[in-house]
file structure25.cif (mmCIF, C-alpha atoms and all ligand atoms)
data_final
#
loop_
_atom_site.label_atom_id
_atom_site.label_comp_id
_atom_site.auth_asym_id
_atom_site.auth_seq_id
_atom_site.Cartn_x
_atom_site.Cartn_y
_atom_site.Cartn_z
CA MET R 38 -8.50 11.87 13.34
CA ALA R 39 -5.26 9.97 13.01
CA VAL R 40 -3.25 7.06 14.32
CA LEU R 41 0.12 8.43 15.44
CA ASN R 42 3.52 6.68 15.53
CA ILE R 43 4.44 5.28 18.95
CA LEU R 44 8.09 5.66 20.04
CA GLU R 45 9.73 2.46 21.26
CA PHE R 46 12.39 1.76 23.90
CA PRO R 47 15.30 2.57 23.84
CA ASP R 48 14.40 5.71 21.87
CA PRO R 49 16.00 8.59 23.86
CA ARG R 50 12.98 10.82 23.19
CA LEU R 51 11.03 8.66 25.67
CA ARG R 52 13.36 10.08 28.38
CA THR R 53 12.13 13.66 27.85
CA VAL R 54 10.41 15.24 30.87
CA ALA R 55 7.12 16.68 29.57
CA ARG R 56 6.06 20.29 30.27
CA GLU R 57 2.75 21.39 31.73
CA VAL R 58 -0.04 22.30 29.33
CA ALA R 59 -0.38 26.09 29.69
CA GLN R 60 -3.87 26.28 28.20
CA VAL R 61 -6.30 23.63 26.94
CA THR R 62 -7.13 24.65 23.37
CA GLU R 63 -8.73 23.17 20.23
CA GLN R 64 -5.22 21.98 19.32
CA THR R 65 -5.01 20.13 22.65
CA ARG R 66 -8.37 18.47 21.95
CA LYS R 67 -7.21 17.44 18.43
CA LEU R 68 -4.15 15.80 20.00
CA ILE R 69 -6.38 14.03 22.57
CA ASP R 70 -8.63 12.67 19.78
CA ASP R 71 -5.59 11.41 17.84
CA MET R 72 -4.20 9.81 21.02
CA PHE R 73 -7.47 7.91 21.57
CA ASP R 74 -7.38 6.70 17.94
CA THR R 75 -3.78 5.60 18.46
CA MET R 76 -4.48 3.88 21.80
CA TYR R 77 -7.58 2.01 20.57
CA ALA R 78 -5.81 0.94 17.36
CA ALA R 79 -2.79 -0.43 19.20
CA PRO R 80 -4.74 -1.67 21.25
CA GLY R 81 -3.82 -0.36 24.70
CA ILE R 82 -5.52 0.81 27.88
CA GLY R 83 -3.53 4.05 28.22
CA LEU R 84 -1.29 6.40 26.25
CA ALA R 85 0.88 9.32 27.34
CA ALA R 86 1.64 12.19 24.93
CA SER R 87 5.36 11.44 25.41
CA GLN R 88 4.86 8.13 23.56
CA VAL R 89 3.78 9.99 20.42
CA ASP R 90 6.71 12.45 20.75
CA VAL R 91 4.63 15.31 22.16
CA HIS R 92 6.25 16.37 25.41
CA GLN R 93 3.23 17.89 27.16
CA ARG R 94 1.74 16.63 30.44
CA LEU R 95 -1.30 14.94 28.98
CA LEU R 96 -2.48 11.32 28.96
CA VAL R 97 -5.51 9.26 28.00
CA ILE R 98 -6.84 6.04 29.51
CA ASP R 99 -9.72 3.65 28.79
CA ILE R 100 -9.71 0.43 30.81
CA SER R 101 -13.24 -0.59 29.73
CA GLU R 102 -13.77 -3.73 27.60
CA ASP R 103 -15.89 -1.90 25.04
CA HIS R 104 -13.80 1.26 24.56
CA ASN R 105 -16.63 3.35 25.98
CA ASP R 106 -15.01 4.99 29.02
CA PRO R 107 -12.44 7.47 27.63
CA MET R 108 -10.63 9.41 30.38
CA VAL R 109 -8.37 12.43 29.91
CA PHE R 110 -5.83 13.72 32.46
CA ILE R 111 -4.02 17.01 31.76
CA ASN R 112 -1.30 18.24 34.19
CA PRO R 113 -2.06 15.37 36.59
CA LYS R 114 -0.85 15.57 40.22
CA VAL R 115 -0.92 12.41 42.29
CA THR R 116 -0.85 11.95 46.06
CA VAL R 117 -0.49 8.49 47.54
CA LEU R 118 -3.42 7.74 49.89
CA ASP R 119 -2.07 4.46 51.23
CA PRO R 120 1.59 3.35 51.19
CA GLU R 121 0.57 -0.25 50.56
CA LEU R 122 2.00 -1.54 47.26
CA GLY R 123 0.34 -3.90 44.84
CA GLU R 124 2.09 -5.90 42.13
CA TYR R 125 0.99 -6.23 38.54
CA ASP R 126 2.48 -7.63 35.33
CA GLU R 127 2.86 -4.47 33.31
CA GLY R 128 3.26 -4.07 29.59
CA CYS R 129 3.83 -0.95 27.49
CA LEU R 130 3.13 0.01 23.90
CA SER R 131 6.65 1.51 23.88
CA VAL R 132 8.14 -1.84 25.01
CA PRO R 133 6.08 -4.17 22.78
CA GLY R 134 5.98 -7.87 23.64
CA PHE R 135 7.47 -7.68 27.15
CA TYR R 136 5.74 -7.96 30.53
CA GLU R 137 7.34 -7.61 33.96
CA THR R 138 6.06 -7.35 37.53
CA VAL R 139 6.02 -3.82 38.95
CA ASN R 140 5.00 -2.71 42.47
CA ARG R 141 3.12 0.55 42.91
CA PRO R 142 0.93 2.23 45.55
CA ARG R 143 -2.58 0.75 45.37
CA ARG R 144 -4.60 3.84 46.31
CA ILE R 145 -3.97 7.34 45.02
CA SER R 146 -5.74 10.64 44.60
CA VAL R 147 -5.33 12.58 41.36
CA THR R 148 -6.07 16.19 40.52
CA ALA R 149 -5.99 17.08 36.82
CA LEU R 150 -7.72 19.07 34.09
CA ASP R 151 -10.27 17.46 31.78
CA ARG R 152 -10.59 18.08 28.01
CA ASP R 153 -12.49 21.30 28.73
CA GLY R 154 -9.69 22.58 30.95
CA LYS R 155 -11.81 22.06 34.08
CA GLU R 156 -10.06 20.80 37.23
CA PHE R 157 -11.25 17.61 38.91
CA THR R 158 -10.02 15.43 41.76
CA ARG R 159 -10.74 11.73 42.25
CA GLU R 160 -9.60 8.81 44.33
CA ILE R 161 -8.45 5.83 42.32
CA ASP R 162 -7.53 2.20 42.93
CA GLY R 163 -7.29 -1.04 40.98
CA LEU R 164 -6.12 -1.21 37.36
CA LEU R 165 -6.86 2.49 36.84
CA ALA R 166 -4.40 3.43 39.60
CA ILE R 167 -1.75 1.20 38.04
CA CYS R 168 -2.31 2.56 34.55
CA LEU R 169 -2.40 6.21 35.68
CA GLN R 170 0.92 5.87 37.53
CA HIS R 171 2.43 4.09 34.48
CA GLU R 172 1.31 6.99 32.23
CA ILE R 173 2.56 9.71 34.59
CA ASP R 174 5.94 7.92 34.62
CA HIS R 175 6.03 8.40 30.82
CA LEU R 176 5.52 12.16 31.33
CA ASP R 177 8.56 12.08 33.64
CA GLY R 178 10.65 10.18 31.08
CA LYS R 179 10.34 6.88 32.96
CA LEU R 180 9.42 3.41 31.69
CA PHE R 181 8.33 0.27 33.54
CA VAL R 182 11.63 -1.38 32.56
CA ASP R 183 13.37 1.10 34.90
CA TYR R 184 11.91 -0.90 37.83
CA ILE R 185 13.36 -4.28 36.76
CA SER R 186 16.93 -5.58 36.97
CA PRO R 187 19.56 -4.00 34.68
CA LEU R 188 20.21 -7.44 33.20
CA LYS R 189 16.56 -7.96 32.21
CA ARG R 190 16.38 -4.39 30.90
CA GLN R 191 19.50 -4.93 28.78
CA ARG R 192 18.03 -8.14 27.31
CA ILE R 193 14.82 -6.34 26.36
CA ARG R 194 16.84 -3.48 24.85
CA LYS R 195 18.89 -5.85 22.69
CA LYS R 196 15.81 -7.71 21.43
CA LEU R 197 13.95 -4.51 20.56
CA GLU R 198 17.03 -3.01 18.85
CA LYS R 199 17.28 -6.16 16.74
CA SER R 200 13.61 -5.99 15.74
CA HIS R 201 14.02 -2.28 14.88
CA ARG R 202 16.99 -3.12 12.63
CA GLN R 203 14.96 -5.83 10.88
CA ARG R 204 12.07 -3.41 10.31
CA ALA R 205 14.38 -0.73 8.87
O1 LIG R 301 -1.93 -1.10 27.20
C1 LIG R 301 -1.27 -1.07 28.25
N1 LIG R 301 -1.45 -2.03 29.18
C2 LIG R 301 -0.92 -1.99 30.45
C3 LIG R 301 -0.93 -3.14 31.21
C4 LIG R 301 -0.44 -3.14 32.48
C5 LIG R 301 0.07 -1.98 33.02
C6 LIG R 301 0.11 -0.81 32.28
C7 LIG R 301 -0.38 -0.82 31.00
S1 LIG R 301 -0.38 0.65 30.07
C8 LIG R 301 -0.26 -0.01 28.47
C9 LIG R 301 -0.34 1.09 27.43
C10 LIG R 301 0.89 1.97 27.58
O2 LIG R 301 2.00 1.65 27.27
N2 LIG R 301 0.71 3.12 28.16
O3 LIG R 301 1.76 3.92 28.39
NI NI R 302 3.47 2.67 28.53
#
call {"tool": "encode", "arguments": {"input": "structure25.cif", "output": "structure tokens", "more": "lines below"}}
Ligand code: GNR
Ligand code: NI
result
Amino acid sequence: MAVLNILEFPDPRLRTVAREVAQVTEQTRKLIDDMFDTMYAAPGIGLAASQVDVHQRLLVIDISEDHNDPMVFINPKVTVLDPELGEYDEGCLSVPGFYETVNRPRRISVTALDRDGKEFTREIDGLLAICLQHEIDHLDGKLFVDYISPLKRQRIRKKLEKSHRQRA
């Protein structure tokens, strides 16, 4: 297992639209295991393959305190069950150190494949609904900073570019 490098805003690779997983294979499961290692090490509550520069429609989530509820979503499709929006201060491992309020539908249904390639459907609300929508945005090349004002986004971009230059 391995901790993978996480791309950071404004890396243009984060804007790639991921492609569907054609078949869930041993290679897919190896990637999933590495993504859990990477997410738990960060630490974070979710990780999309896009963030580790793999542009396949696959994401992992674990919102439990004890890292004992790993969830896998492959080729996820969401339908909004209730148009009511909820707000939440979101962060992102690809935008480290910044938090901004984002509004998203509170109740959704998701159909996806699990790590065995088996389809499941479940209704979701709360933090899991927020996190799942945040991760699916990554698969579509979107980041939470796309929902805030251009001025705030520009400030975050400048600060992260500066910290990337200092690291280099
Ligand atoms: O670890 C994470 N925390 C978080 C907090 C509020 C809303 C969304 C998230 S997801 C984030 C990990 C991440 O960047 N996933 O893409
Ligand atoms: Ni994120």
call {"tool": "closest_atom_pairs", "arguments": {"input": "structure25.cif", "of": "chain R", "to": "ligand LIG 301 (chain R)", "cutoff": "9 Å", "atoms": "only C-alpha atoms and all ligand atoms", "output": "tab-separated table"}}
result
residue	atom	partner	partner_atom	distance
R:Met76	CA	R:LIG301	C9	7.5
R:Ala79	CA	R:LIG301	O1	8.1
R:Pro80	CA	R:LIG301	O1	6.6
R:Gly81	CA	R:LIG301	O1	3.2
R:Ile82	CA	R:LIG301	O1	4.1
R:Gly83	CA	R:LIG301	N2	4.3
R:Leu84	CA	R:LIG301	N2	4.3
R:Ala85	CA	R:LIG301	O3	5.6
R:Ala86	CA	R:LIG301	O3	9.0
R:Ser87	CA	R:LIG301	O3	8.9
R:Gln88	CA	R:LIG301	O3	7.1
R:Leu96	CA	R:LIG301	O3	8.5
R:Val97	CA	R:LIG301	N2	8.7
R:Ile98	CA	R:LIG301	N2	8.2
R:Ile100	CA	R:LIG301	O1	8.7
R:Tyr125	CA	R:LIG301	C4	7.0
R:Asp126	CA	R:LIG301	C4	6.1
R:Glu127	CA	R:LIG301	C4	3.7
R:Gly128	CA	R:LIG301	C3	4.6
R:Cys129	CA	R:LIG301	O2	3.2
R:Leu130	CA	R:LIG301	O2	3.9
R:Ser131	CA	R:LIG301	O2	5.8
R:Val132	CA	R:LIG301	O2	7.4
R:Pro133	CA	R:LIG301	O2	8.4
R:Tyr136	CA	R:LIG301	C4	8.1
R:Val139	CA	R:LIG301	C5	8.6
R:Leu164	CA	R:LIG301	C5	7.6
R:Leu165	CA	R:LIG301	C6	9.0
R:Ile167	CA	R:LIG301	C5	6.2
R:Cys168	CA	R:LIG301	C6	4.7
R:Leu169	CA	R:LIG301	S1	8.2
R:Gln170	CA	R:LIG301	C6	8.5
R:His171	CA	R:LIG301	C6	5.9
R:Glu172	CA	R:LIG301	O3	4.9
R:Ile173	CA	R:LIG301	O3	8.5
R:Asp174	CA	R:LIG301	O3	8.5
R:His175	CA	R:LIG301	O3	6.6
R:Leu180	CA	R:LIG301	O3	8.4
R:Phe181	CA	R:LIG301	C6	8.4
call {"tool": "residues_around", "arguments": {"input": "structure25.cif", "residues": "Asp48 (chain R)", "least_positions_apart": "2", "cutoff": "12 Å", "atoms": "only C-alpha atoms", "output": "PyMOL selection string"}}
result
chain R and resi 43-46+50-53+87-90+131-132+178-180+194+197-198+201
call {"tool": "closest_residue", "arguments": {"input": "structure25.cif", "among": "R:Thr65, R:Glu124, R:Gln191, R:Phe135", "to": "ligand NI 302 (chain R)", "atoms": "all atoms listed in the file"}}
result
R:Phe135
call {"tool": "axis_aligned_box", "arguments": {"input": "structure25.cif", "around": "region 95-112 of chain R", "padding_each_side": "8 Å", "output": "AutoDock Vina command-line options"}}
result
--center_x -9.0 --center_y 7.3 --center_z 29.4 --size_x 31.3 --size_y 38.0 --size_z 25.6
call {"tool": "residues_around", "arguments": {"input": "structure25.cif", "residues": "Asp151 (chain R)", "least_positions_apart": "3", "cutoff": "8 Å", "atoms": "only C-alpha atoms", "output": "list in words"}}
result
Val109, Phe110, Ile111, Gly154, Lys155, Glu156 and Phe157 of chain R
call {"tool": "atom_distance", "arguments": {"input": "structure25.cif", "atom1": "CA of Pro120 (chain R)", "atom2": "CA of Ala55 (chain R)"}}
result
26.0 Å
call {"tool": "atom_distance", "arguments": {"input": "structure25.cif", "atom1": "CA of Val61 (chain R)", "atom2": "CA of Ile161 (chain R)"}}
result
23.6 Å
call {"tool": "closest_residue", "arguments": {"input": "structure25.cif", "among": "R:Arg202, R:Asn140, R:Gly134, R:Val115", "to": "ligand NI 302 (chain R)", "atoms": "only C-alpha atoms and all ligand atoms"}}
result
R:Gly134
call {"tool": "closest_residue", "arguments": {"input": "structure25.cif", "among": "R:Val182, R:Glu102, R:Pro113, R:Gln60", "to": "ligand NI 302 (chain R)", "atoms": "all atoms listed in the file"}}
result
R:Val182
call {"tool": "atom_distance", "arguments": {"input": "structure25.cif", "atom1": "CA of Leu122 (chain R)", "atom2": "CA of His104 (chain R)"}}
result
27.8 Å
call {"tool": "closest_residue", "arguments": {"input": "structure25.cif", "among": "R:Val40, R:Ala205, R:Ile193, R:Val54", "to": "His92 (chain R)", "atoms": "all atoms listed in the file"}}
result
R:Val54
call {"tool": "residues_around", "arguments": {"input": "structure25.cif", "residues": "Gly123 (chain R)", "least_positions_apart": "4", "cutoff": "7 Å", "atoms": "only C-alpha atoms", "output": "short mmCIF file (atom, residue, chain, number, x, y, z; two decimals) with C-alpha atoms, in the frame of the given file"}}
result
data_model
loop_
_atom_site.label_atom_id
_atom_site.label_comp_id
_atom_site.auth_asym_id
_atom_site.auth_seq_id
_atom_site.Cartn_x
_atom_site.Cartn_y
_atom_site.Cartn_z
CA ASN R 140 5.00 -2.71 42.47
CA ARG R 141 3.12 0.55 42.91
CA PRO R 142 0.93 2.23 45.55
CA ARG R 143 -2.58 0.75 45.37
#
call {"tool": "residues_around", "arguments": {"input": "structure25.cif", "residues": "Glu160 (chain R)", "least_positions_apart": "5", "cutoff": "8 Å", "atoms": "only C-alpha atoms", "output": "list in words"}}
result
Arg144, Ile145, Ser146 and Val147 of chain R
call {"tool": "closest_residue", "arguments": {"input": "structure25.cif", "among": "R:Thr148, R:Gln93, R:Thr138, R:Asn112", "to": "Ser186 (chain R)", "atoms": "only C-alpha atoms"}}
result
R:Thr138
call {"tool": "closest_residue", "arguments": {"input": "structure25.cif", "among": "R:Ile185, R:Val91, R:Ala59, R:Leu176", "to": "ligand NI 302 (chain R)", "atoms": "all atoms listed in the file"}}
result
R:Leu176
call {"tool": "decode", "arguments": {"input": "structure25.cif", "residues": "region 172-183 of chain R", "atoms": "all heavy atoms", "output": "mmCIF file, in the first residue's frame"}}
result
data_model
loop_
_atom_site.group_PDB
_atom_site.id
_atom_site.type_symbol
_atom_site.label_atom_id
_atom_site.label_comp_id
_atom_site.auth_asym_id
_atom_site.auth_seq_id
_atom_site.Cartn_x
_atom_site.Cartn_y
_atom_site.Cartn_z
ATOM 1 N N GLU R 172 -16.809 15.243 -3.596
ATOM 2 C CA GLU R 172 -15.934 14.301 -4.322
ATOM 3 C C GLU R 172 -16.363 14.154 -5.779
ATOM 4 O O GLU R 172 -15.505 14.084 -6.673
ATOM 5 C CB GLU R 172 -15.931 12.922 -3.651
ATOM 6 C CG GLU R 172 -15.529 12.883 -2.190
ATOM 7 C CD GLU R 172 -14.284 13.653 -1.854
ATOM 8 O OE1 GLU R 172 -13.440 13.880 -2.749
ATOM 9 O OE2 GLU R 172 -14.154 14.073 -0.692
ATOM 10 N N ILE R 173 -17.668 14.097 -6.032
ATOM 11 C CA ILE R 173 -18.133 13.963 -7.416
ATOM 12 C C ILE R 173 -17.765 15.227 -8.208
ATOM 13 O O ILE R 173 -17.406 15.142 -9.382
ATOM 14 C CB ILE R 173 -19.644 13.641 -7.466
ATOM 15 C CG1 ILE R 173 -19.874 12.222 -6.918
ATOM 16 C CG2 ILE R 173 -20.190 13.760 -8.897
ATOM 17 C CD1 ILE R 173 -21.329 11.818 -6.760
ATOM 18 N N ASP R 174 -17.801 16.384 -7.562
ATOM 19 C CA ASP R 174 -17.306 17.606 -8.222
ATOM 20 C C ASP R 174 -15.868 17.417 -8.704
ATOM 21 O O ASP R 174 -15.534 17.814 -9.827
ATOM 22 C CB ASP R 174 -17.365 18.804 -7.260
ATOM 23 C CG ASP R 174 -18.710 19.523 -7.268
ATOM 24 O OD1 ASP R 174 -19.588 19.171 -8.088
ATOM 25 O OD2 ASP R 174 -18.869 20.459 -6.455
ATOM 26 N N HIS R 175 -15.013 16.817 -7.848
ATOM 27 C CA HIS R 175 -13.621 16.577 -8.285
ATOM 28 C C HIS R 175 -13.587 15.765 -9.581
ATOM 29 O O HIS R 175 -12.797 16.051 -10.479
ATOM 30 C CB HIS R 175 -12.843 15.802 -7.215
ATOM 31 C CG HIS R 175 -12.310 16.638 -6.097
ATOM 32 N ND1 HIS R 175 -11.422 17.672 -6.289
ATOM 33 C CD2 HIS R 175 -12.499 16.568 -4.752
ATOM 34 C CE1 HIS R 175 -11.104 18.202 -5.113
ATOM 35 N NE2 HIS R 175 -11.750 17.560 -4.162
ATOM 36 N N LEU R 176 -14.454 14.735 -9.671
ATOM 37 C CA LEU R 176 -14.468 13.883 -10.871
ATOM 38 C C LEU R 176 -14.878 14.685 -12.105
ATOM 39 O O LEU R 176 -14.531 14.325 -13.229
ATOM 40 C CB LEU R 176 -15.412 12.690 -10.681
ATOM 41 C CG LEU R 176 -15.144 11.785 -9.472
ATOM 42 C CD1 LEU R 176 -16.121 10.608 -9.461
ATOM 43 C CD2 LEU R 176 -13.701 11.268 -9.465
ATOM 44 N N ASP R 177 -15.624 15.776 -11.880
ATOM 45 C CA ASP R 177 -16.045 16.649 -12.976
ATOM 46 C C ASP R 177 -15.111 17.845 -13.153
ATOM 47 O O ASP R 177 -15.437 18.795 -13.886
ATOM 48 C CB ASP R 177 -17.482 17.118 -12.732
ATOM 49 C CG ASP R 177 -18.481 15.969 -12.859
ATOM 50 O OD1 ASP R 177 -18.237 15.063 -13.691
ATOM 51 O OD2 ASP R 177 -19.491 15.966 -12.134
ATOM 52 N N GLY R 178 -13.962 17.812 -12.480
ATOM 53 C CA GLY R 178 -12.973 18.887 -12.626
ATOM 54 C C GLY R 178 -13.339 20.153 -11.856
ATOM 55 O O GLY R 178 -12.825 21.233 -12.167
ATOM 56 N N LYS R 179 -14.232 20.001 -10.872
ATOM 57 C CA LYS R 179 -14.665 21.172 -10.088
ATOM 58 C C LYS R 179 -14.115 21.131 -8.668
ATOM 59 O O LYS R 179 -13.910 20.057 -8.100
ATOM 60 C CB LYS R 179 -16.198 21.229 -10.019
ATOM 61 C CG LYS R 179 -16.842 21.610 -11.335
ATOM 62 C CD LYS R 179 -18.345 21.710 -11.209
ATOM 63 C CE LYS R 179 -18.782 22.964 -10.473
ATOM 64 N NZ LYS R 179 -20.281 23.053 -10.446
ATOM 65 N N LEU R 180 -13.918 22.324 -8.102
ATOM 66 C CA LEU R 180 -13.403 22.460 -6.735
ATOM 67 C C LEU R 180 -14.339 23.360 -5.941
ATOM 68 O O LEU R 180 -15.058 24.181 -6.527
ATOM 69 C CB LEU R 180 -12.010 23.105 -6.774
ATOM 70 C CG LEU R 180 -10.930 22.340 -7.547
ATOM 71 C CD1 LEU R 180 -9.688 23.193 -7.701
ATOM 72 C CD2 LEU R 180 -10.602 21.031 -6.847
ATOM 73 N N PHE R 181 -14.312 23.248 -4.610
ATOM 74 C CA PHE R 181 -15.238 24.066 -3.811
ATOM 75 C C PHE R 181 -14.979 25.562 -4.003
ATOM 76 O O PHE R 181 -15.899 26.363 -3.877
ATOM 77 C CB PHE R 181 -15.226 23.662 -2.328
ATOM 78 C CG PHE R 181 -14.119 24.250 -1.505
ATOM 79 C CD1 PHE R 181 -14.290 25.473 -0.874
ATOM 80 C CD2 PHE R 181 -12.908 23.604 -1.359
ATOM 81 C CE1 PHE R 181 -13.277 26.040 -0.111
ATOM 82 C CE2 PHE R 181 -11.878 24.156 -0.605
ATOM 83 C CZ PHE R 181 -12.062 25.382 0.015
ATOM 84 N N VAL R 182 -13.755 25.922 -4.370
ATOM 85 C CA VAL R 182 -13.459 27.351 -4.579
ATOM 86 C C VAL R 182 -14.186 27.925 -5.803
ATOM 87 O O VAL R 182 -14.268 29.140 -5.959
ATOM 88 C CB VAL R 182 -11.940 27.631 -4.691
ATOM 89 C CG1 VAL R 182 -11.236 27.326 -3.372
ATOM 90 C CG2 VAL R 182 -11.296 26.853 -5.831
ATOM 91 N N ASP R 183 -14.737 27.046 -6.648
ATOM 92 C CA ASP R 183 -15.516 27.527 -7.803
ATOM 93 C C ASP R 183 -16.850 28.137 -7.360
ATOM 94 O O ASP R 183 -17.499 28.832 -8.151
ATOM 95 C CB ASP R 183 -15.793 26.377 -8.782
ATOM 96 C CG ASP R 183 -14.510 25.770 -9.328
ATOM 97 O OD1 ASP R 183 -13.453 26.420 -9.216
ATOM 98 O OD2 ASP R 183 -14.566 24.641 -9.847
#
